[in-house]
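Asks: Hey, dropping structure_7.tsv in here, TSV, C-alpha atoms:
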```tsv
chain	number	residue	atom	x	y	z
A	473	MET	CA	-29.33	-10.27	-36.18
A	474	LYS	CA	-26.13	-9.63	-34.23
A	475	ILE	CA	-26.92	-12.51	-31.89
A	476	ALA	CA	-27.40	-14.83	-34.87
A	477	GLN	CA	-24.09	-13.72	-36.40
A	478	LYS	CA	-22.25	-14.29	-33.10
A	479	THR	CA	-23.86	-17.73	-32.77
A	480	ILE	CA	-22.78	-18.72	-36.29
A	481	LYS	CA	-19.23	-17.46	-35.69
A	482	PHE	CA	-19.01	-19.40	-32.42
A	483	PHE	CA	-20.30	-22.56	-34.13
A	484	LEU	CA	-17.79	-22.22	-36.99
A	485	LEU	CA	-14.92	-21.65	-34.57
A	486	PHE	CA	-15.98	-24.65	-32.52
A	487	VAL	CA	-16.18	-26.90	-35.61
A	488	LEU	CA	-12.79	-25.62	-36.77
A	489	ALA	CA	-11.25	-26.34	-33.38
A	490	LEU	CA	-12.84	-29.78	-33.31
A	491	PHE	CA	-11.58	-30.60	-36.82
A	492	SER	CA	-8.07	-29.28	-36.07
A	493	ALA	CA	-7.83	-31.23	-32.82
A	494	ALA	CA	-9.05	-34.38	-34.53
A	495	ASN	CA	-6.49	-33.99	-37.33
A	496	PHE	CA	-3.74	-33.31	-34.80
A	497	ALA	CA	-4.66	-36.46	-32.87
A	498	ALA	CA	-4.71	-38.48	-36.09
A	499	ILE	CA	-1.31	-37.17	-37.20
A	500	SER	CA	0.13	-37.89	-33.76
A	501	GLU	CA	-1.21	-41.42	-33.95
A	502	LYS	CA	0.43	-42.02	-37.33
A	503	LYS	CA	3.76	-40.64	-36.14
A	504	GLN	CA	3.55	-42.78	-33.06
A	505	ASP	CA	3.31	-45.91	-35.19
A	506	ASN	CA	6.46	-45.00	-37.12
A	507	GLN	CA	8.78	-43.82	-34.35
A	508	ASN	CA	9.55	-44.02	-30.69
A	509	ASP	CA	6.84	-42.55	-28.45
A	510	GLY	CA	9.29	-39.97	-27.04
A	511	GLY	CA	7.50	-39.65	-23.73
A	512	ARG	CA	3.94	-39.34	-25.03
A	513	VAL	CA	1.13	-39.95	-22.57
A	514	LYS	CA	-1.25	-42.48	-24.12
A	515	THR	CA	-2.30	-45.24	-21.71
A	516	LYS	CA	-4.78	-44.87	-18.84
A	517	GLU	CA	-2.06	-45.40	-16.24
A	518	GLU	CA	0.20	-42.78	-17.86
A	519	VAL	CA	-2.71	-40.31	-18.00
A	520	GLU	CA	-3.45	-40.80	-14.29
A	521	ALA	CA	0.21	-40.34	-13.37
A	522	TYR	CA	0.47	-37.24	-15.57
A	523	ILE	CA	-2.62	-35.62	-13.99
A	524	LEU	CA	-1.40	-36.26	-10.45
A	525	HIS	CA	2.01	-34.87	-11.39
A	526	HIS	CA	0.45	-31.80	-13.05
A	527	ILE	CA	-1.48	-30.66	-9.96
A	528	LYS	CA	1.69	-30.75	-7.85
A	529	ASP	CA	4.12	-27.88	-7.49
A	530	SER	CA	7.12	-27.76	-9.82
A	531	HIS	CA	10.71	-26.49	-9.64
A	532	ASP	CA	10.56	-25.23	-13.23
A	533	PHE	CA	8.00	-23.35	-15.30
A	534	SER	CA	6.94	-25.50	-18.25
A	535	LEU	CA	4.41	-23.98	-20.64
A	536	PHE	CA	4.01	-27.05	-22.84
A	537	SER	CA	5.88	-30.09	-24.15
A	538	TYR	CA	6.11	-31.73	-27.54
A	539	THR	CA	7.96	-34.58	-29.26
A	540	SER	CA	10.35	-33.70	-32.09
A	541	ASP	CA	10.60	-35.63	-35.35
A	542	GLU	CA	13.61	-37.43	-33.88
A	543	GLY	CA	11.47	-38.73	-31.01
A	544	GLU	CA	13.08	-36.45	-28.41
A	545	ARG	CA	10.84	-34.84	-25.80
A	546	LYS	CA	11.08	-31.03	-25.82
A	547	HIS	CA	9.92	-28.73	-23.00
A	548	VAL	CA	9.08	-25.07	-23.60
A	549	GLY	CA	9.41	-22.85	-20.53
A	550	PHE	CA	12.10	-21.44	-18.29
A	551	PRO	CA	14.03	-22.68	-15.22
A	552	LEU	CA	13.59	-21.40	-11.69
A	553	PRO	CA	16.22	-21.00	-8.94
A	554	ILE	CA	16.84	-23.92	-6.59
A	555	ILE	CA	17.70	-22.80	-3.04
A	556	LEU	CA	18.68	-25.59	-0.63
A	557	TRP	CA	19.95	-25.78	2.93
A	558	THR	CA	22.17	-28.85	2.93
A	559	SER	CA	24.69	-30.56	5.19
A	560	GLU	CA	27.27	-28.07	3.85
A	561	GLY	CA	25.07	-24.99	4.20
A	562	LEU	CA	23.26	-22.95	1.56
A	563	ILE	CA	23.55	-24.12	-2.05
A	564	THR	CA	21.86	-22.59	-5.10
A	565	PHE	CA	21.61	-23.53	-8.78
A	566	MET	CA	19.02	-23.47	-11.56
A	567	SER	CA	16.40	-26.17	-12.01
A	568	SER	CA	17.49	-26.68	-15.64
A	569	GLU	CA	20.39	-28.80	-14.35
A	570	PHE	CA	17.90	-31.58	-13.57
A	571	HIS	CA	16.84	-31.60	-17.26
A	572	HIS	CA	13.18	-32.11	-16.27
A	573	ASN	CA	14.04	-35.45	-14.71
A	574	ASP	CA	11.87	-36.44	-11.74
A	575	ASP	CA	12.79	-40.07	-11.04
A	576	GLY	CA	16.25	-39.60	-9.54
A	577	HIS	CA	18.35	-40.63	-12.54
A	578	VAL	CA	19.90	-37.20	-13.17
A	579	ILE	CA	22.47	-36.27	-10.52
A	580	VAL	CA	23.49	-32.66	-9.97
A	581	GLY	CA	26.85	-32.11	-8.27
A	582	LYS	CA	27.43	-28.90	-6.31
A	583	SER	CA	30.11	-28.08	-3.72
A	584	GLY	CA	31.08	-31.74	-3.41
A	585	LEU	CA	27.46	-32.84	-2.81
A	586	LYS	CA	25.13	-34.73	-5.11
A	587	PHE	CA	21.40	-34.01	-5.52
A	588	VAL	CA	18.54	-35.82	-7.22
A	589	LYS	CA	14.88	-34.95	-7.75
A	590	ILE	CA	12.27	-37.64	-7.00
A	591	HIS	CA	8.54	-36.88	-7.33
A	592	SER	CA	9.15	-33.11	-7.10
A	593	LYS	CA	11.24	-33.51	-3.92
A	594	ILE	CA	14.99	-32.85	-3.86
A	595	TYR	CA	17.25	-35.30	-2.04
A	596	GLU	CA	20.92	-35.16	-1.07
A	597	LEU	CA	22.80	-38.39	-1.71
A	598	ASP	CA	24.69	-39.88	1.21
A	599	GLU	CA	28.47	-39.63	1.20
A	600	GLY	CA	30.04	-42.13	-1.19
A	601	ALA	CA	26.81	-42.83	-3.12
A	602	SER	CA	27.06	-42.55	-6.89
A	603	LYS	CA	23.36	-43.09	-7.64
A	604	VAL	CA	20.13	-43.34	-5.71
A	605	THR	CA	18.80	-46.76	-4.69
A	606	PHE	CA	15.21	-47.55	-3.71
A	607	ASP	CA	13.53	-49.97	-1.35
A	608	GLU	CA	10.41	-52.05	-2.03
A	609	THR	CA	8.11	-49.03	-1.52
A	610	HIS	CA	10.23	-46.88	-3.90
A	611	HIS	CA	11.68	-44.72	-1.14
A	612	ALA	CA	15.30	-43.60	-1.43
A	613	LYS	CA	17.58	-45.65	0.83
A	614	ASN	CA	20.85	-43.76	0.39
A	615	ALA	CA	19.55	-40.19	0.23
A	616	HIS	CA	17.78	-37.76	2.52
A	617	LYS	CA	15.61	-34.69	2.03
A	618	VAL	CA	17.02	-31.19	2.38
A	619	LEU	CA	15.37	-27.94	3.43
A	620	ASP	CA	13.97	-26.58	0.19
A	621	PHE	CA	13.53	-22.78	-0.11
A	622	SER	CA	13.33	-22.82	-3.90
A	623	ILE	CA	11.34	-20.38	-6.01
A	624	THR	CA	8.82	-22.88	-7.34
A	625	LYS	CA	6.03	-22.44	-9.86
A	626	SER	CA	3.51	-21.75	-7.09
A	627	VAL	CA	5.79	-19.11	-5.57
A	628	VAL	CA	5.96	-17.40	-8.97
A	629	GLY	CA	2.17	-17.43	-9.11
A	630	VAL	CA	1.86	-15.95	-5.62
A	631	LEU	CA	4.36	-13.19	-6.45
A	632	LEU	CA	2.70	-12.34	-9.76
A	633	ILE	CA	-0.81	-12.12	-8.32
A	634	GLY	CA	0.46	-10.27	-5.24
A	635	LEU	CA	2.17	-7.63	-7.39
A	636	LEU	CA	-0.89	-7.39	-9.63
A	637	ILE	CA	-3.19	-6.80	-6.64
A	638	LEU	CA	-0.76	-4.23	-5.22
A	639	PHE	CA	-0.68	-2.34	-8.54
A	640	TRP	CA	-4.46	-2.40	-9.07
A	641	PHE	CA	-5.44	-1.29	-5.61
A	642	SER	CA	-2.70	1.30	-5.35
A	643	SER	CA	-4.11	2.84	-8.51
A	644	LEU	CA	-7.65	2.65	-7.10
A	645	ALA	CA	-6.56	4.30	-3.85
A	646	LYS	CA	-4.86	7.16	-5.73
A	647	GLN	CA	-8.02	7.77	-7.76
A	648	TYR	CA	-10.13	7.92	-4.59
A	649	LYS	CA	-7.84	10.68	-3.29
A	650	SER	CA	-8.03	12.80	-6.45
A	651	LYS	CA	-11.57	12.16	-7.74
A	652	LYS	CA	-14.93	10.92	-6.50
A	653	ILE	CA	-15.63	8.41	-9.28
A	654	PRO	CA	-12.85	6.03	-10.38
A	655	THR	CA	-12.09	5.67	-14.08
A	656	GLY	CA	-10.67	2.93	-16.25
A	657	PHE	CA	-10.17	-0.53	-14.80
A	658	ALA	CA	-10.72	0.85	-11.30
A	659	ARG	CA	-14.43	1.06	-12.14
A	660	VAL	CA	-14.44	-2.74	-12.41
A	661	LEU	CA	-12.74	-3.16	-9.03
A	662	GLU	CA	-14.94	-0.70	-7.14
A	663	PRO	CA	-18.20	-2.78	-7.20
A	664	LEU	CA	-16.30	-5.83	-5.97
A	665	VAL	CA	-14.66	-3.85	-3.18
A	666	ILE	CA	-18.04	-2.46	-2.12
A	667	TYR	CA	-19.57	-5.94	-2.27
A	668	VAL	CA	-16.94	-7.45	0.04
A	669	ARG	CA	-17.24	-4.50	2.41
A	670	ASP	CA	-21.05	-4.25	2.56
A	671	GLU	CA	-22.10	-7.89	2.02
A	672	ILE	CA	-19.33	-9.81	3.80
A	673	ALA	CA	-17.38	-7.66	6.27
A	674	ARG	CA	-20.10	-5.35	7.64
A	675	PRO	CA	-22.90	-7.89	8.37
A	676	ASN	CA	-20.59	-10.57	9.81
A	677	ILE	CA	-18.18	-8.44	11.86
A	678	GLY	CA	-20.48	-5.55	12.78
A	679	GLU	CA	-20.51	-1.80	12.32
A	680	LYS	CA	-18.14	-1.21	15.21
A	681	HIS	CA	-15.18	-3.32	14.02
A	682	TYR	CA	-15.60	-4.16	10.32
A	683	ARG	CA	-13.27	-1.43	9.03
A	684	ARG	CA	-10.29	-2.97	10.89
A	685	PHE	CA	-10.56	-6.22	8.96
A	686	THR	CA	-11.91	-5.15	5.56
A	687	GLY	CA	-8.39	-4.79	4.16
A	688	TYR	CA	-7.52	-8.39	5.07
A	689	LEU	CA	-10.80	-9.72	3.70
A	690	LEU	CA	-10.34	-7.84	0.42
A	691	THR	CA	-6.80	-9.18	0.08
A	692	VAL	CA	-7.88	-12.77	0.73
A	693	PHE	CA	-10.86	-12.54	-1.63
A	694	PHE	CA	-8.97	-11.14	-4.62
A	695	PHE	CA	-5.88	-13.25	-3.95
A	696	ILE	CA	-7.83	-16.53	-3.98
A	697	TRP	CA	-10.15	-15.52	-6.81
A	698	LEU	CA	-7.39	-14.40	-9.19
A	699	LEU	CA	-5.23	-17.43	-8.42
A	700	ASN	CA	-8.22	-19.68	-9.10
A	701	LEU	CA	-8.80	-17.98	-12.45
A	702	VAL	CA	-5.12	-18.16	-13.44
A	703	GLY	CA	-5.23	-21.87	-12.58
A	704	LEU	CA	-7.76	-22.35	-15.41
A	705	THR	CA	-5.41	-20.89	-18.03
A	706	PRO	CA	-2.79	-22.85	-20.03
A	707	LEU	CA	-0.13	-21.42	-17.71
A	708	GLY	CA	-0.83	-24.40	-15.46
A	709	PHE	CA	-0.83	-22.68	-12.08
A	710	ASN	CA	-2.39	-24.71	-9.28
A	711	VAL	CA	-1.47	-22.47	-6.36
A	712	THR	CA	-4.73	-22.73	-4.40
A	713	GLY	CA	-4.63	-26.47	-5.01
A	714	GLN	CA	-1.43	-26.69	-2.92
A	715	LEU	CA	-2.07	-27.72	0.68
A	716	ALA	CA	0.76	-25.51	1.96
A	717	VAL	CA	-0.84	-22.38	0.46
A	718	THR	CA	-4.35	-23.04	1.79
A	719	THR	CA	-2.88	-23.94	5.18
A	720	CYS	CA	-1.06	-20.59	5.37
A	721	LEU	CA	-4.23	-18.70	4.45
A	722	ALA	CA	-6.18	-20.59	7.13
A	723	ILE	CA	-3.45	-19.87	9.71
A	724	PHE	CA	-3.66	-16.15	8.90
A	725	THR	CA	-7.38	-16.18	9.68
A	726	LEU	CA	-6.76	-18.26	12.83
A	727	VAL	CA	-4.18	-15.79	14.14
A	728	ILE	CA	-6.40	-12.79	13.41
A	729	TYR	CA	-9.52	-14.03	15.19
A	730	SER	CA	-7.48	-15.55	18.04
A	731	VAL	CA	-5.55	-12.33	18.72
A	732	SER	CA	-8.60	-10.11	18.23
A	733	GLY	CA	-10.90	-12.24	20.38
A	734	THR	CA	-12.46	-10.43	23.33
A	735	LYS	CA	-12.17	-11.49	26.94
A	736	GLY	CA	-15.79	-12.67	26.86
A	737	TYR	CA	-15.07	-14.80	23.79
A	738	TRP	CA	-12.24	-16.68	25.52
A	739	MET	CA	-14.05	-16.94	28.85
A	740	HIS	CA	-17.13	-18.43	27.20
A	741	MET	CA	-14.85	-20.90	25.47
A	742	ILE	CA	-12.66	-21.90	28.41
A	743	TRP	CA	-15.14	-21.65	31.30
A	744	MET	CA	-18.62	-21.53	29.81
A	745	PRO	CA	-21.18	-19.89	32.15
A	746	GLY	CA	-24.62	-21.32	32.70
A	747	VAL	CA	-23.62	-25.00	32.67
A	748	PRO	CA	-22.68	-27.38	35.52
A	749	VAL	CA	-19.08	-27.02	36.71
A	750	LEU	CA	-18.25	-30.67	35.98
A	751	ILE	CA	-19.27	-30.23	32.34
A	752	ARG	CA	-17.25	-27.06	31.78
A	753	PRO	CA	-13.81	-28.77	31.28
A	754	VAL	CA	-15.30	-31.10	28.66
A	755	LEU	CA	-16.93	-28.20	26.84
A	756	ALA	CA	-13.68	-26.23	27.05
A	757	ILE	CA	-11.79	-29.00	25.24
A	758	ILE	CA	-14.48	-29.19	22.55
A	759	GLU	CA	-14.62	-25.40	22.10
A	760	LEU	CA	-10.83	-25.02	21.93
A	761	ALA	CA	-10.57	-27.86	19.42
A	762	GLY	CA	-13.26	-26.19	17.32
A	763	ALA	CA	-11.61	-22.76	17.39
A	764	LEU	CA	-7.97	-23.82	16.99
A	765	LEU	CA	-8.28	-26.94	14.82
A	766	ILE	CA	-11.67	-27.52	13.20
A	767	LYS	CA	-12.31	-23.97	11.96
A	768	PRO	CA	-8.94	-23.51	10.19
A	769	PHE	CA	-9.09	-27.10	8.92
A	770	SER	CA	-12.49	-26.45	7.35
A	771	LEU	CA	-11.07	-23.37	5.62
A	772	LEU	CA	-7.97	-25.04	4.22
A	773	VAL	CA	-9.44	-28.37	3.16
A	774	ARG	CA	-12.49	-26.89	1.41
A	775	LEU	CA	-10.40	-24.63	-0.81
A	776	PHE	CA	-7.69	-27.23	-1.44
A	777	ALA	CA	-10.10	-30.09	-2.22
A	778	ASN	CA	-12.44	-28.15	-4.51
A	779	ILE	CA	-9.69	-26.56	-6.60
A	780	SER	CA	-7.65	-29.77	-6.90
A	781	ALA	CA	-10.76	-31.78	-7.80
A	782	GLY	CA	-11.67	-29.23	-10.47
A	783	HIS	CA	-8.24	-29.50	-12.10
A	784	ILE	CA	-8.38	-33.30	-12.01
A	785	VAL	CA	-11.85	-33.38	-13.60
A	786	VAL	CA	-10.93	-30.96	-16.40
A	787	MET	CA	-7.71	-32.81	-17.23
A	788	SER	CA	-9.49	-36.18	-17.07
A	789	LEU	CA	-12.04	-34.97	-19.61
A	790	ILE	CA	-9.29	-33.66	-21.87
A	791	ALA	CA	-7.62	-37.09	-21.64
A	792	ILE	CA	-10.73	-38.69	-23.19
A	793	MET	CA	-9.27	-37.96	-26.64
A	794	PHE	CA	-6.47	-40.41	-25.81
A	795	THR	CA	-8.11	-43.00	-23.56
A	796	LEU	CA	-11.25	-43.49	-25.73
A	797	LYS	CA	-9.57	-43.05	-29.10
A	798	GLU	CA	-9.81	-46.72	-30.00
A	799	SER	CA	-13.49	-47.13	-29.07
A	800	LEU	CA	-14.87	-43.79	-30.33
A	801	GLY	CA	-12.37	-42.97	-33.04
A	802	VAL	CA	-10.15	-39.93	-33.26
A	803	PHE	CA	-12.92	-37.51	-34.25
A	804	GLY	CA	-15.48	-38.84	-31.73
A	805	ALA	CA	-13.10	-38.94	-28.77
A	806	THR	CA	-11.72	-35.48	-29.54
A	807	GLY	CA	-15.22	-33.99	-29.97
A	808	LEU	CA	-16.52	-35.52	-26.76
A	809	SER	CA	-13.44	-34.32	-24.89
A	810	LEU	CA	-13.79	-30.74	-26.16
A	811	VAL	CA	-17.51	-30.50	-25.41
A	812	LEU	CA	-17.29	-31.91	-21.89
A	813	SER	CA	-14.15	-30.00	-20.91
A	814	PHE	CA	-15.64	-26.75	-22.27
A	815	PHE	CA	-18.74	-26.95	-20.09
A	816	ILE	CA	-16.81	-28.11	-17.03
A	817	THR	CA	-14.42	-25.19	-17.48
A	818	LEU	CA	-17.40	-22.80	-17.44
A	819	ILE	CA	-18.49	-24.36	-14.15
A	820	GLU	CA	-14.93	-24.02	-12.82
A	821	VAL	CA	-15.04	-20.28	-13.54
A	822	LEU	CA	-18.04	-20.09	-11.21
A	823	VAL	CA	-16.30	-22.30	-8.65
A	824	ALA	CA	-13.26	-20.00	-8.74
A	825	PHE	CA	-15.42	-17.10	-7.53
A	826	LEU	CA	-17.47	-19.25	-5.18
A	827	GLN	CA	-14.46	-20.63	-3.30
A	828	ALA	CA	-13.00	-17.14	-2.85
A	829	TYR	CA	-16.37	-15.96	-1.55
A	830	ILE	CA	-16.79	-18.89	0.86
A	831	PHE	CA	-13.28	-18.52	2.31
A	832	THR	CA	-13.76	-14.77	2.79
A	833	MET	CA	-17.25	-15.20	4.23
A	834	LEU	CA	-16.16	-17.83	6.76
A	835	SER	CA	-13.12	-15.76	7.74
A	836	ALA	CA	-15.38	-12.76	8.39
A	837	LEU	CA	-17.81	-14.96	10.33
A	838	PHE	CA	-15.07	-16.38	12.57
A	839	ILE	CA	-13.68	-12.90	13.22
A	840	GLY	CA	-17.15	-11.59	14.02
A	841	MET	CA	-17.75	-14.43	16.49
A	842	ALA	CA	-14.48	-13.60	18.26
A	843	LEU	CA	-15.40	-9.90	18.52
A	844	GLU	CA	-18.98	-10.47	19.66
A	845	ASP	CA	-19.83	-8.67	22.91
A	846	HIS	CA	-21.00	-11.56	25.11
A	847	ALA	CA	-21.92	-9.17	27.93
A	848	GLU	CA	-24.92	-8.00	25.88
A	849	HIS	CA	-26.43	-11.50	26.05
A	850	HIS	CA	-26.47	-11.37	29.85
```
What is this structure when it is put down as structure tokens?
Replies:
Amino acid sequence: MKIAQKTIKFFLLFVLALFSAANFAAISEKKQDNQNDGGRVKTKEEVEAYILHHIKDSHDFSLFSYTSDEGERKHVGFPLPIILWTSEGLITFMSSEFHHNDDGHVIVGKSGLKFVKIHSKIYELDEGASKVTFDETHHAKNAHKVLDFSITKSVVGVLLIGLLILFWFSSLAKQYKSKKIPTGFARVLEPLVIYVRDEIARPNIGEKHYRRFTGYLLTVFFFIWLLNLVGLTPLGFNVTGQLAVTTCLAIFTLVIYSVSGTKGYWMHMIWMPGVPVLIRPVLAIIELAGALLIKPFSLLVRLFANISAGHIVVMSLIAIMFTLKESLGVFGATGLSLVLSFFITLIEVLVAFLQAYIFTMLSALFIGMALEDHAEHH
């Protein structure tokens, strides 16, 4: 009986959401006919550009945008600090001074210098330039990039999740000191901690060394997993879909297994025993390329590509309500968009865990290979 009631409630909520979204799309369409579009995304090309822009990092934190009755585009969110190293040294200001402009038309003047933002990159105008000019490939001709140390949207996400992990596990550690069985939310964390320790760290690294690296593996697992989950919320985080973030995570693993590697590990890589001497230099190049380039590349590109692709697919399905509105109607396009995006989002929840697991598992495997006692094989 309870299952039937929950099913009916879910169906009613889904129909209500479908009807509300359809009415909202219809109202938006009517307003669009009577006034300026105010920055609405409606064509296929605009949708593609918006999706590609959305998965990039941002210098401000925008929760959502809407068009006022006067046709003006409004952005709800808050600015973030811009920190630049320029030709005149360190310069700081808030991202709100760009007024959400990303095509170089808004110029911010600070300390006698002029700055513009083009495709999420900040440029310093050359001396004497009053506006940015572009060449045939739309690259700035009279401006150059500066060193950007700004607190971007991805940095905010990293800090938030980092502090959250620190708080949760500090609480769990305190409970382990005072009682045998954790209580509260710590009881949810404990099975996951035991799983990473017993199913990932111990079998791949070995009984002798796994405790040294369990802390790192736990940090990587929860860091990636929580960031993946937050990326599915309306907050719009796409931290693990940023190549710089996945590259840093892969470099951390590279440094750990390179520094921790045994003498036998490096000797087998550089001067492999049991093969002809003439072949050993060739094998050394292949093995070094595999350890220093291919392994970290496989870590960073798998996480980056899967998370970015997931965001693109979900947003593309949501965009069906705009791109197929003429052929399917407002109600049909909105319904199809909601159904498809709902099921894909469920799959993305699984992918969020799976990518954290794969990264942690491969990191443990690479560390275990570096710590393997090659003398035992002889």
Asks: Which residue, A:Thr558, A:Ser730, A:Ser537, A:Thr605, has the smallest gap to Ile839 (chain A) when you use all atoms listed in the file?
Replies: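 Closest to Ile839 (chain A), using all atoms listed in the file: A:Ser730.
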Asks: Using only C-alpha atoms, list the residues that have an atom at most 12 Å from (8.9, -34.5, 0.4), coordinates as in the file, as a list in words.
Replies: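 Final list of nearby residues, as requested, is Lys528, Asp529, Lys589, Ile590, His591, Ser592, Lys593, Ile594, Tyr595, His611, Ala612, His616, Lys617, Val618, Leu619 and Asp620 of chain A.
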Asks: Restricting the output to C-alpha atoms, write the selected residues as a PDB file, in the frame of the given file.
Replies:
```pdb
ATOM      1  CA  LYS A 528       1.690 -30.750  -7.850  1.00  0.00           C
ATOM      2  CA  ASP A 529       4.120 -27.880  -7.490  1.00  0.00           C
ATOM      3  CA  LYS A 589      14.880 -34.950  -7.750  1.00  0.00           C
ATOM      4  CA  ILE A 590      12.270 -37.640  -7.000  1.00  0.00           C
ATOM      5  CA  HIS A 591       8.540 -36.880  -7.330  1.00  0.00           C
ATOM      6  CA  SER A 592       9.150 -33.110  -7.100  1.00  0.00           C
ATOM      7  CA  LYS A 593      11.240 -33.510  -3.920  1.00  0.00           C
ATOM      8  CA  ILE A 594      14.990 -32.850  -3.860  1.00  0.00           C
ATOM      9  CA  TYR A 595      17.250 -35.300  -2.040  1.00  0.00           C
ATOM     10  CA  HIS A 611      11.680 -44.720  -1.140  1.00  0.00           C
ATOM     11  CA  ALA A 612      15.300 -43.600  -1.430  1.00  0.00           C
ATOM     12  CA  HIS A 616      17.780 -37.760   2.520  1.00  0.00           C
ATOM     13  CA  LYS A 617      15.610 -34.690   2.030  1.00  0.00           C
ATOM     14  CA  VAL A 618      17.020 -31.190   2.380  1.00  0.00           C
ATOM     15  CA  LEU A 619      15.370 -27.940   3.430  1.00  0.00           C
ATOM     16  CA  ASP A 620      13.970 -26.580   0.190  1.00  0.00           C
TER      17      ASP A 620
END
```
Asks: Just the number, please: distance in Å from CA of Val604 (chain A) to CA of Gly581 (chain A), one decimal.
Replies: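 Computing it gives 13.3 Å between the two atoms.
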Asks: Any idea what the distance is between CA of Met739 (chain A) and CA of Ala836 (chain A)?
Replies: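 CA of Ala836 (chain A) lies 20.9 Å from CA of Met739 (chain A).
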Asks: I'd like to know which of A:Ser732, A:Leu755, A:Met833, A:Met741 is closest to Leu771 (chain A), using all atoms listed in the file.
Replies: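 The closest residue to Leu771 (chain A) is A:Met833.
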Asks: Could you tell me, as number ranges by chain, which residues have any atom at most 9 Å from (-0.3, -23.4, -4.0), counting all atoms listed in the file?
Replies: A: 528-529, 625-627, 629-630, 699, 709-718, 776
Asks: Store the residues picked out above in a file with C-alpha atoms, as an mmCIF file, keeping the file's coordinate frame.
Replies:
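Full text of result_31.cif as output:
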```cif
data_model
loop_
_atom_site.group_PDB
_atom_site.id
_atom_site.type_symbol
_atom_site.label_atom_id
_atom_site.label_comp_id
_atom_site.auth_asym_id
_atom_site.auth_seq_id
_atom_site.Cartn_x
_atom_site.Cartn_y
_atom_site.Cartn_z
ATOM 1 C CA LYS A 528 1.690 -30.750 -7.850
ATOM 2 C CA ASP A 529 4.120 -27.880 -7.490
ATOM 3 C CA LYS A 625 6.030 -22.440 -9.860
ATOM 4 C CA SER A 626 3.510 -21.750 -7.090
ATOM 5 C CA VAL A 627 5.790 -19.110 -5.570
ATOM 6 C CA GLY A 629 2.170 -17.430 -9.110
ATOM 7 C CA VAL A 630 1.860 -15.950 -5.620
ATOM 8 C CA LEU A 699 -5.230 -17.430 -8.420
ATOM 9 C CA PHE A 709 -0.830 -22.680 -12.080
ATOM 10 C CA ASN A 710 -2.390 -24.710 -9.280
ATOM 11 C CA VAL A 711 -1.470 -22.470 -6.360
ATOM 12 C CA THR A 712 -4.730 -22.730 -4.400
ATOM 13 C CA GLY A 713 -4.630 -26.470 -5.010
ATOM 14 C CA GLN A 714 -1.430 -26.690 -2.920
ATOM 15 C CA LEU A 715 -2.070 -27.720 0.680
ATOM 16 C CA ALA A 716 0.760 -25.510 1.960
ATOM 17 C CA VAL A 717 -0.840 -22.380 0.460
ATOM 18 C CA THR A 718 -4.350 -23.040 1.790
ATOM 19 C CA PHE A 776 -7.690 -27.230 -1.440
#
```
Asks: To one decimal place, how far is CA of Phe693 (chain A) from CA of Leu664 (chain A) in Å?
Replies: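 Interatomic distance here is 9.7 Å.
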Asks: From the set A:Ile555, A:Ala781, A:Ile816, A:Ala673, which residue has the shortest atom-to-atom contact distance to Ser622 (chain A), counting all atoms listed in the file?
Replies: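 Of A:Ile555, A:Ala781, A:Ile816, A:Ala673, the one nearest Ser622 (chain A), counting all atoms listed in the file, is A:Ile555.
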Asks: I need the residue nearest Ala601 (chain A) from this list: A:Met744, A:Leu812, A:Val548, A:Ala615. Use only C-alpha atoms for the distance.
Replies: A:Ala615
Asks: For Gly678 (chain A), list every protein, DNA or RNA residue within 12 Å, evaluated using only C-alpha atoms, and leave out those in the same chain fewer than 3 positions away; present the list as a PDB file with C-alpha atoms, keeping the file's coordinate frame.
Replies:
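And here's result-v6.pdb as it stands now:
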```
ATOM      1  CA  ARG A 669     -17.240  -4.500   2.410  1.00  0.00           C
ATOM      2  CA  ASP A 670     -21.050  -4.250   2.560  1.00  0.00           C
ATOM      3  CA  GLU A 671     -22.100  -7.890   2.020  1.00  0.00           C
ATOM      4  CA  ILE A 672     -19.330  -9.810   3.800  1.00  0.00           C
ATOM      5  CA  ALA A 673     -17.380  -7.660   6.270  1.00  0.00           C
ATOM      6  CA  ARG A 674     -20.100  -5.350   7.640  1.00  0.00           C
ATOM      7  CA  PRO A 675     -22.900  -7.890   8.370  1.00  0.00           C
ATOM      8  CA  HIS A 681     -15.180  -3.320  14.020  1.00  0.00           C
ATOM      9  CA  TYR A 682     -15.600  -4.160  10.320  1.00  0.00           C
ATOM     10  CA  ARG A 683     -13.270  -1.430   9.030  1.00  0.00           C
ATOM     11  CA  ARG A 684     -10.290  -2.970  10.890  1.00  0.00           C
ATOM     12  CA  PHE A 685     -10.560  -6.220   8.960  1.00  0.00           C
ATOM     13  CA  THR A 686     -11.910  -5.150   5.560  1.00  0.00           C
ATOM     14  CA  ALA A 836     -15.380 -12.760   8.390  1.00  0.00           C
ATOM     15  CA  LEU A 837     -17.810 -14.960  10.330  1.00  0.00           C
ATOM     16  CA  ILE A 839     -13.680 -12.900  13.220  1.00  0.00           C
ATOM     17  CA  GLY A 840     -17.150 -11.590  14.020  1.00  0.00           C
ATOM     18  CA  MET A 841     -17.750 -14.430  16.490  1.00  0.00           C
ATOM     19  CA  ALA A 842     -14.480 -13.600  18.260  1.00  0.00           C
ATOM     20  CA  LEU A 843     -15.400  -9.900  18.520  1.00  0.00           C
ATOM     21  CA  GLU A 844     -18.980 -10.470  19.660  1.00  0.00           C
ATOM     22  CA  ASP A 845     -19.830  -8.670  22.910  1.00  0.00           C
TER      23      ASP A 845
END
```
Asks: With distances taken over all atoms listed in the file, which residue among A:Ser788, A:Gln827, A:Asn573, A:Ser780 lies nearest Ser809 (chain A)?
Replies: A:Ser788
